[in-house]
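Peer 1: Supplied in structure tokens, the structure appears directly below.
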Amino acid sequence: MQLGLVRAGPRAPGAGVRFARAELDRVRAVAGFPDDLREQVETVGAAAAAEVLGVGPSRFTRLARCGHLVPVGYRINRYRAVVWLYLAAELRGFARSRPGLLKGSAPPEDRELVLAGADLRPRRWRERHVELLLRRTADPWDRAAVLASVLPEEVVRQSVPDEAERVLLSALAPPPPYGHPQAPAAAQVAERLLRADAPDEIDSYRTGLEFTLTGARCQSKTTGERGPT
């Protein structure tokens, strides 16, 4: 569902996600079901991902930290370390399209990132997560809530001074992604992954939030729906 392969139905207030039987029938009717669907959603950790690419663990880590490979999810292990997950199908596609990155020396831009100690995995995952969430709704208040959910609280307060609007955005905020831990200690680690941290990343989401809110407010004035009261 989070990858957009299965479309969820409208969410009733206070209820969980529901699916139309016709949507499930559509998914089942696709040629190659269920094996092709399983292949599309197969995820692997770093060790297995390196094997899929046919590279060593250190090269895989460098490719991932430099942003060439985008995680699709995460887990927090018993040591409270982030375990990134990757779509096996995307890794195979990357191996076909970018074979030059799987051997030889790293490109100059990658070497600069490595020397700087950069790790783009959280940022690239957030980009993907936000894009998937925005793709699932056209409602401007829902879209504003998605963008607000990845911003630090103080930035949201600055961008949304109206407390009633902030309450609405909080109520419409998307639930944590699949695999988000429930244990408090692990959840505290995972929460940091959900928030933008680099100044330029924060500015990008803040600009998107303010632009989307302008449209949401105009909709509320026109239709009287969804806006704060």
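By convention in this document, the chains of the structure tokens carry letters A, B, ... by their order, each chain's residues are numbered from 1, and ligands are numbered from 1 in the order they are shown.
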Could you pull the residues within 12 Å of region 30-39 of chain A, counting only C-alpha atoms, minus those fewer than 6 positions along the same chain, as an mmCIF file with N, CA, C and O atoms, in the first residue's frame?

Peer 2:
```cif
data_model
loop_
_atom_site.group_PDB
_atom_site.id
_atom_site.type_symbol
_atom_site.label_atom_id
_atom_site.label_comp_id
_atom_site.auth_asym_id
_atom_site.auth_seq_id
_atom_site.Cartn_x
_atom_site.Cartn_y
_atom_site.Cartn_z
ATOM 1 N N MET A 1 0.830 -1.198 0.000
ATOM 2 C CA MET A 1 0.000 0.000 0.000
ATOM 3 C C MET A 1 0.871 1.257 0.000
ATOM 4 O O MET A 1 0.625 2.205 -0.738
ATOM 5 N N LEU A 3 3.731 1.676 -1.172
ATOM 6 C CA LEU A 3 4.402 1.839 -2.450
ATOM 7 C C LEU A 3 3.434 2.235 -3.554
ATOM 8 O O LEU A 3 3.851 2.476 -4.688
ATOM 9 N N GLY A 4 2.147 2.289 -3.247
ATOM 10 C CA GLY A 4 1.158 2.658 -4.232
ATOM 11 C C GLY A 4 0.704 1.522 -5.116
ATOM 12 O O GLY A 4 -0.034 1.733 -6.087
ATOM 13 N N LEU A 5 1.114 0.303 -4.787
ATOM 14 C CA LEU A 5 0.715 -0.845 -5.604
ATOM 15 C C LEU A 5 -0.715 -1.273 -5.309
ATOM 16 O O LEU A 5 -1.387 -1.856 -6.154
ATOM 17 N N VAL A 6 -1.174 -1.004 -4.096
ATOM 18 C CA VAL A 6 -2.558 -1.263 -3.704
ATOM 19 C C VAL A 6 -3.126 0.057 -3.190
ATOM 20 O O VAL A 6 -2.556 0.671 -2.288
ATOM 21 N N GLU A 23 -10.713 -3.074 -5.712
ATOM 22 C CA GLU A 23 -9.290 -2.796 -5.782
ATOM 23 C C GLU A 23 -8.478 -4.060 -5.546
ATOM 24 O O GLU A 23 -7.490 -4.326 -6.240
ATOM 25 N N LEU A 24 -8.900 -4.864 -4.588
ATOM 26 C CA LEU A 24 -8.193 -6.123 -4.330
ATOM 27 C C LEU A 24 -8.347 -7.072 -5.510
ATOM 28 O O LEU A 24 -7.395 -7.781 -5.875
ATOM 29 N N LEU A 87 14.600 -2.101 -1.785
ATOM 30 C CA LEU A 87 13.829 -2.935 -2.692
ATOM 31 C C LEU A 87 14.785 -3.715 -3.595
ATOM 32 O O LEU A 87 15.605 -3.119 -4.304
ATOM 33 N N ALA A 88 14.670 -5.040 -3.566
ATOM 34 C CA ALA A 88 15.568 -5.869 -4.373
ATOM 35 C C ALA A 88 15.415 -5.565 -5.856
ATOM 36 O O ALA A 88 16.397 -5.551 -6.607
ATOM 37 N N ALA A 89 14.182 -5.283 -6.304
ATOM 38 C CA ALA A 89 13.954 -4.986 -7.722
ATOM 39 C C ALA A 89 14.685 -3.716 -8.137
ATOM 40 O O ALA A 89 15.237 -3.631 -9.246
ATOM 41 N N GLU A 90 14.712 -2.708 -7.263
ATOM 42 C CA GLU A 90 15.423 -1.477 -7.582
ATOM 43 C C GLU A 90 16.929 -1.704 -7.622
ATOM 44 O O GLU A 90 17.635 -1.105 -8.454
ATOM 45 N N LEU A 91 17.432 -2.549 -6.757
ATOM 46 C CA LEU A 91 18.863 -2.844 -6.768
ATOM 47 C C LEU A 91 19.259 -3.515 -8.078
ATOM 48 O O LEU A 91 20.298 -3.175 -8.674
ATOM 49 N N ARG A 92 18.457 -4.449 -8.542
ATOM 50 C CA ARG A 92 18.761 -5.109 -9.812
ATOM 51 C C ARG A 92 18.716 -4.104 -10.966
ATOM 52 O O ARG A 92 19.545 -4.157 -11.881
#
```

Peer 1: Given only C-alpha atoms, how would the per-residue table for region 30-127 of chain A near region 176-192 of chain A read, listing every residue at most 12 Å away with its closest atom pair and distance in Å to one decimal, sorted by chain and number, as CSV?

Peer 2:
```
residue,atom,partner,partner_atom,distance
A:Val72,CA,A:Tyr178,CA,10.1
A:Gly73,CA,A:Gly179,CA,7.3
A:Tyr74,CA,A:Gly179,CA,6.7
A:Arg75,CA,A:Gly179,CA,6.2
A:Ile76,CA,A:Ala186,CA,6.0
A:Asn77,CA,A:Ala186,CA,7.9
A:Arg78,CA,A:Ala186,CA,8.2
A:Tyr79,CA,A:Ala186,CA,8.8
A:Arg80,CA,A:Ala186,CA,5.7
A:Ala81,CA,A:Val189,CA,7.9
A:Val82,CA,A:Ala190,CA,7.7
A:Val83,CA,A:Ala190,CA,10.4
A:Trp84,CA,A:Gly179,CA,10.9
A:Leu85,CA,A:Gly179,CA,10.4
A:Pro122,CA,A:Arg192,CA,9.1
A:Arg123,CA,A:Arg192,CA,11.0
A:Trp125,CA,A:Pro177,CA,11.2
A:Arg126,CA,A:Pro177,CA,10.7
```

Peer 1: Between A:Val17, A:Ala29, A:Ala106, A:Val150, which residue has the minimum interatomic distance to Ser58 (chain A), considering only C-alpha atoms?

Peer 2: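 Checking each candidate against Ser58 (chain A), we get A:Ala106 as the closest.
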
Peer 1: Which residues are near Arg128 (chain A)? Cut-off 9 Å, only C-alpha atoms, ignore same chain within fewer than 4 positions. Put them as a list in words.

Peer 2: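 Result of the neighbour search: Val70, Pro71, Val72, Arg123, Arg124, Leu132 and Leu133 of chain A.
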
Peer 1: Could those residues be written to a file, using C-alpha atoms, as an mmCIF file, in the first residue's frame?

Peer 2:
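The new file again_6.cif reads:
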```cif
data_model
loop_
_atom_site.group_PDB
_atom_site.id
_atom_site.type_symbol
_atom_site.label_atom_id
_atom_site.label_comp_id
_atom_site.auth_asym_id
_atom_site.auth_seq_id
_atom_site.Cartn_x
_atom_site.Cartn_y
_atom_site.Cartn_z
ATOM 1 C CA VAL A 70 17.441 4.958 -1.700
ATOM 2 C CA PRO A 71 16.109 2.947 1.256
ATOM 3 C CA VAL A 72 12.456 1.995 1.185
ATOM 4 C CA ARG A 123 17.338 12.336 3.777
ATOM 5 C CA ARG A 124 16.779 10.229 0.657
ATOM 6 C CA LEU A 132 4.662 8.448 -1.684
ATOM 7 C CA LEU A 133 2.398 10.116 0.875
#
```

Peer 1: Kindly give the distance, in Å, that separates CA of Leu169 (chain A) and CA of Ala20 (chain A), rounded to a single decimal.

Peer 2: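 The value is 26.6 Å.
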
Peer 1: Give me the residues within 9 Å of Ser170 (chain A) as a VMD selection string, counting only C-alpha atoms and dropping any in the same chain fewer than 6 places off.

Peer 2: chain A and resid 145 148 to 149

Peer 1: With N, CA, C and O atoms retained, could you export that selection as a PDB file, in the first residue's frame?

Peer 2:
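Wrote it out as out_38.pdb, contents follow:
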```pdb
ATOM      1  N   ALA A 145      -0.411  18.594   5.814  1.00  0.00           N
ATOM      2  CA  ALA A 145      -0.114  17.789   7.009  1.00  0.00           C
ATOM      3  C   ALA A 145       1.083  16.880   6.768  1.00  0.00           C
ATOM      4  O   ALA A 145       1.902  16.660   7.670  1.00  0.00           O
ATOM      5  N   ALA A 148       4.163  19.129   6.957  1.00  0.00           N
ATOM      6  CA  ALA A 148       4.397  19.567   8.337  1.00  0.00           C
ATOM      7  C   ALA A 148       4.965  18.437   9.185  1.00  0.00           C
ATOM      8  O   ALA A 148       5.731  18.681  10.120  1.00  0.00           O
ATOM      9  N   SER A 149       4.599  17.195   8.851  1.00  0.00           N
ATOM     10  CA  SER A 149       5.008  16.058   9.684  1.00  0.00           C
ATOM     11  C   SER A 149       6.502  15.798   9.644  1.00  0.00           C
ATOM     12  O   SER A 149       7.035  15.113  10.527  1.00  0.00           O
TER      13      SER A 149
END
```

Peer 1: May I have all residues of region 15-192 of chain A that DSSP, computed from the backbone, assigns to strand (DSSP E), given as a PDB file with C-alpha atoms, in the first residue's frame?

Peer 2:
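Listing of result.pdb after writing:
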```pdb
ATOM      1  CA  THR A  43      13.118  -5.942   0.647  1.00  0.00           C
ATOM      2  CA  VAL A  44      16.638  -6.796   1.736  1.00  0.00           C
ATOM      3  CA  GLY A  73      12.140   1.343   4.906  1.00  0.00           C
ATOM      4  CA  TYR A  74      13.971   0.802   8.156  1.00  0.00           C
ATOM      5  CA  ARG A  75      14.091  -1.257  11.318  1.00  0.00           C
ATOM      6  CA  ILE A  76      15.653  -0.465  14.682  1.00  0.00           C
ATOM      7  CA  VAL A  82      19.046   1.817  12.209  1.00  0.00           C
ATOM      8  CA  VAL A  83      18.843  -1.089   9.768  1.00  0.00           C
ATOM      9  CA  TRP A  84      17.976   0.239   6.321  1.00  0.00           C
ATOM     10  CA  LEU A  85      15.948  -1.842   3.875  1.00  0.00           C
ATOM     11  CA  TYR A  86      16.077  -1.699   0.085  1.00  0.00           C
ATOM     12  CA  LEU A  87      13.829  -2.935  -2.692  1.00  0.00           C
TER      13      LEU A  87
END
```

Peer 1: When you draw a straight line from CA of Gly56 (chain A) to CA of Lys103 (chain A), how long is it in Å?

Peer 2: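 If I compute the distance from CA of Gly56 (chain A) to CA of Lys103 (chain A), I get 10.0 Å.
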
Peer 1: Just want the 9 Å neighbourhood of Asp119 (chain A), counted on only C-alpha atoms, with same-chain residues fewer than 4 positions away dropped. Output as a ChimeraX atom specification.

Peer 2: /A:62,64-67,113-114,123

Peer 1: Write the selection just made, keeping all heavy atoms, as a short mmCIF file (atom, residue, chain, number, x, y, z; two decimals), in the first residue's frame?

Peer 2:
```cif
data_model
loop_
_atom_site.label_atom_id
_atom_site.label_comp_id
_atom_site.auth_asym_id
_atom_site.auth_seq_id
_atom_site.Cartn_x
_atom_site.Cartn_y
_atom_site.Cartn_z
N ARG A 62 29.14 2.69 0.85
CA ARG A 62 29.50 3.98 0.25
C ARG A 62 28.44 4.43 -0.75
O ARG A 62 28.03 5.59 -0.77
CB ARG A 62 30.86 3.88 -0.41
CG ARG A 62 31.41 5.23 -0.84
CD ARG A 62 31.40 5.41 -2.34
NE ARG A 62 32.23 4.42 -3.00
CZ ARG A 62 32.16 4.17 -4.31
NH1 ARG A 62 31.28 4.81 -5.05
NH2 ARG A 62 32.93 3.25 -4.86
N ALA A 64 25.30 3.68 -0.76
CA ALA A 64 24.08 4.06 -0.04
C ALA A 64 24.26 5.38 0.69
O ALA A 64 23.38 6.25 0.63
CB ALA A 64 23.71 2.95 0.95
N ARG A 65 25.39 5.56 1.37
CA ARG A 65 25.61 6.79 2.12
C ARG A 65 25.73 8.00 1.19
O ARG A 65 25.41 9.13 1.59
CB ARG A 65 26.88 6.67 2.97
CG ARG A 65 26.74 5.71 4.15
CD ARG A 65 28.07 5.56 4.88
NE ARG A 65 28.44 6.79 5.56
CZ ARG A 65 28.23 7.04 6.85
NH1 ARG A 65 27.62 6.14 7.60
NH2 ARG A 65 28.62 8.16 7.39
N CYS A 66 26.18 7.79 -0.05
CA CYS A 66 26.32 8.89 -1.00
C CYS A 66 25.03 9.14 -1.77
O CYS A 66 25.01 10.00 -2.68
CB CYS A 66 27.46 8.61 -1.96
SG CYS A 66 29.10 8.66 -1.17
N GLY A 67 23.97 8.41 -1.47
CA GLY A 67 22.67 8.71 -2.04
C GLY A 67 22.33 8.02 -3.34
O GLY A 67 21.31 8.33 -3.95
N LEU A 113 32.00 13.45 -0.40
CA LEU A 113 30.98 13.13 0.60
C LEU A 113 31.54 12.20 1.67
O LEU A 113 31.26 12.38 2.86
CB LEU A 113 29.78 12.48 -0.08
CG LEU A 113 28.90 13.40 -0.94
CD1 LEU A 113 27.88 12.58 -1.74
CD2 LEU A 113 28.17 14.40 -0.06
N VAL A 114 32.35 11.23 1.24
CA VAL A 114 32.94 10.30 2.20
C VAL A 114 33.87 11.04 3.16
O VAL A 114 33.83 10.84 4.38
CB VAL A 114 33.69 9.17 1.47
CG1 VAL A 114 34.50 8.33 2.46
CG2 VAL A 114 32.71 8.28 0.71
N ARG A 123 17.94 11.29 4.61
CA ARG A 123 17.34 12.34 3.78
C ARG A 123 16.68 11.74 2.54
O ARG A 123 15.55 12.12 2.20
CB ARG A 123 18.40 13.35 3.38
CG ARG A 123 17.87 14.46 2.48
CD ARG A 123 18.87 15.57 2.35
NE ARG A 123 18.38 16.66 1.52
CZ ARG A 123 18.89 17.88 1.53
NH1 ARG A 123 19.92 18.16 2.30
NH2 ARG A 123 18.40 18.82 0.74
#
```

Peer 1: Need the shell around region 209-213 of chain A: protein/DNA/RNA residues with any atom at most 9 Å away, counting only C-alpha atoms. Skip same-chain ones fewer than 5 positions apart. Format as a PDB file with N, CA, C and O atoms, in the first residue's frame?

Peer 2:
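Output file around-v2.pdb is given in full below:
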```pdb
ATOM      1  N   PRO A 140      -5.548  19.546  -0.238  1.00  0.00           N
ATOM      2  CA  PRO A 140      -4.452  20.428   0.183  1.00  0.00           C
ATOM      3  C   PRO A 140      -4.168  20.385   1.673  1.00  0.00           C
ATOM      4  O   PRO A 140      -3.015  20.543   2.086  1.00  0.00           O
ATOM      5  N   TRP A 141      -5.189  20.173   2.516  1.00  0.00           N
ATOM      6  CA  TRP A 141      -4.927  20.092   3.953  1.00  0.00           C
ATOM      7  C   TRP A 141      -4.175  18.806   4.290  1.00  0.00           C
ATOM      8  O   TRP A 141      -3.267  18.810   5.134  1.00  0.00           O
ATOM      9  N   ARG A 143      -2.158  17.257   2.255  1.00  0.00           N
ATOM     10  CA  ARG A 143      -0.811  17.441   1.727  1.00  0.00           C
ATOM     11  C   ARG A 143       0.005  18.359   2.640  1.00  0.00           C
ATOM     12  O   ARG A 143       1.204  18.115   2.873  1.00  0.00           O
ATOM     13  N   ALA A 144      -0.627  19.391   3.171  1.00  0.00           N
ATOM     14  CA  ALA A 144       0.070  20.265   4.111  1.00  0.00           C
ATOM     15  C   ALA A 144       0.464  19.493   5.366  1.00  0.00           C
ATOM     16  O   ALA A 144       1.552  19.700   5.930  1.00  0.00           O
ATOM     17  N   ALA A 145      -0.411  18.594   5.814  1.00  0.00           N
ATOM     18  CA  ALA A 145      -0.114  17.789   7.009  1.00  0.00           C
ATOM     19  C   ALA A 145       1.083  16.880   6.768  1.00  0.00           C
ATOM     20  O   ALA A 145       1.902  16.660   7.670  1.00  0.00           O
ATOM     21  N   VAL A 146       1.204  16.324   5.570  1.00  0.00           N
ATOM     22  CA  VAL A 146       2.357  15.488   5.233  1.00  0.00           C
ATOM     23  C   VAL A 146       3.646  16.301   5.334  1.00  0.00           C
ATOM     24  O   VAL A 146       4.633  15.870   5.950  1.00  0.00           O
ATOM     25  N   LEU A 147       3.649  17.487   4.747  1.00  0.00           N
ATOM     26  CA  LEU A 147       4.852  18.323   4.769  1.00  0.00           C
ATOM     27  C   LEU A 147       5.181  18.804   6.179  1.00  0.00           C
ATOM     28  O   LEU A 147       6.351  18.858   6.570  1.00  0.00           O
ATOM     29  N   ALA A 148       4.163  19.129   6.957  1.00  0.00           N
ATOM     30  CA  ALA A 148       4.397  19.567   8.337  1.00  0.00           C
ATOM     31  C   ALA A 148       4.965  18.437   9.185  1.00  0.00           C
ATOM     32  O   ALA A 148       5.731  18.681  10.120  1.00  0.00           O
ATOM     33  N   VAL A 156       7.409  24.412  12.371  1.00  0.00           N
ATOM     34  CA  VAL A 156       5.971  24.406  12.090  1.00  0.00           C
ATOM     35  C   VAL A 156       5.294  25.577  12.799  1.00  0.00           C
ATOM     36  O   VAL A 156       4.439  26.260  12.229  1.00  0.00           O
ATOM     37  N   SER A 159       6.021  28.708  10.817  1.00  0.00           N
ATOM     38  CA  SER A 159       5.360  28.749   9.512  1.00  0.00           C
ATOM     39  C   SER A 159       3.849  28.765   9.628  1.00  0.00           C
ATOM     40  O   SER A 159       3.160  29.237   8.711  1.00  0.00           O
ATOM     41  N   VAL A 160       3.326  28.225  10.735  1.00  0.00           N
ATOM     42  CA  VAL A 160       1.867  28.138  10.926  1.00  0.00           C
ATOM     43  C   VAL A 160       1.542  28.781  12.269  1.00  0.00           C
ATOM     44  O   VAL A 160       1.326  28.091  13.273  1.00  0.00           O
ATOM     45  N   SER A 204      13.326  23.609   2.194  1.00  0.00           N
ATOM     46  CA  SER A 204      12.555  23.066   1.069  1.00  0.00           C
ATOM     47  C   SER A 204      11.171  22.628   1.518  1.00  0.00           C
ATOM     48  O   SER A 204      10.156  22.977   0.895  1.00  0.00           O
ATOM     49  N   CYS A 218      -7.429  28.910   0.783  1.00  0.00           N
ATOM     50  CA  CYS A 218      -8.338  29.383  -0.267  1.00  0.00           C
ATOM     51  C   CYS A 218      -9.483  28.404  -0.468  1.00  0.00           C
ATOM     52  O   CYS A 218     -10.633  28.807  -0.655  1.00  0.00           O
TER      53      CYS A 218
END
```

Peer 1: Ranking A:Leu193, A:Glu112, A:Ala138, A:Pro175 by minimum distance to Gly16 (chain A) and counting only C-alpha atoms, which one comes first?

Peer 2: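 Using only C-alpha atoms, the shortest distance to Gly16 (chain A) belongs to A:Pro175.
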
Peer 1: Just the number, please: distance in Å from CA of Leu53 (chain A) to CA of Val41 (chain A), one decimal.

Peer 2: 17.2 Å

Peer 1: Which residue gives the smallest distance to Val52 (chain A) among A:Gly100, A:Gly93, A:Pro174, A:Pro152, with only C-alpha atoms counted?

Peer 2: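 Using only C-alpha atoms, Val52 (chain A) sits closest to A:Gly93.
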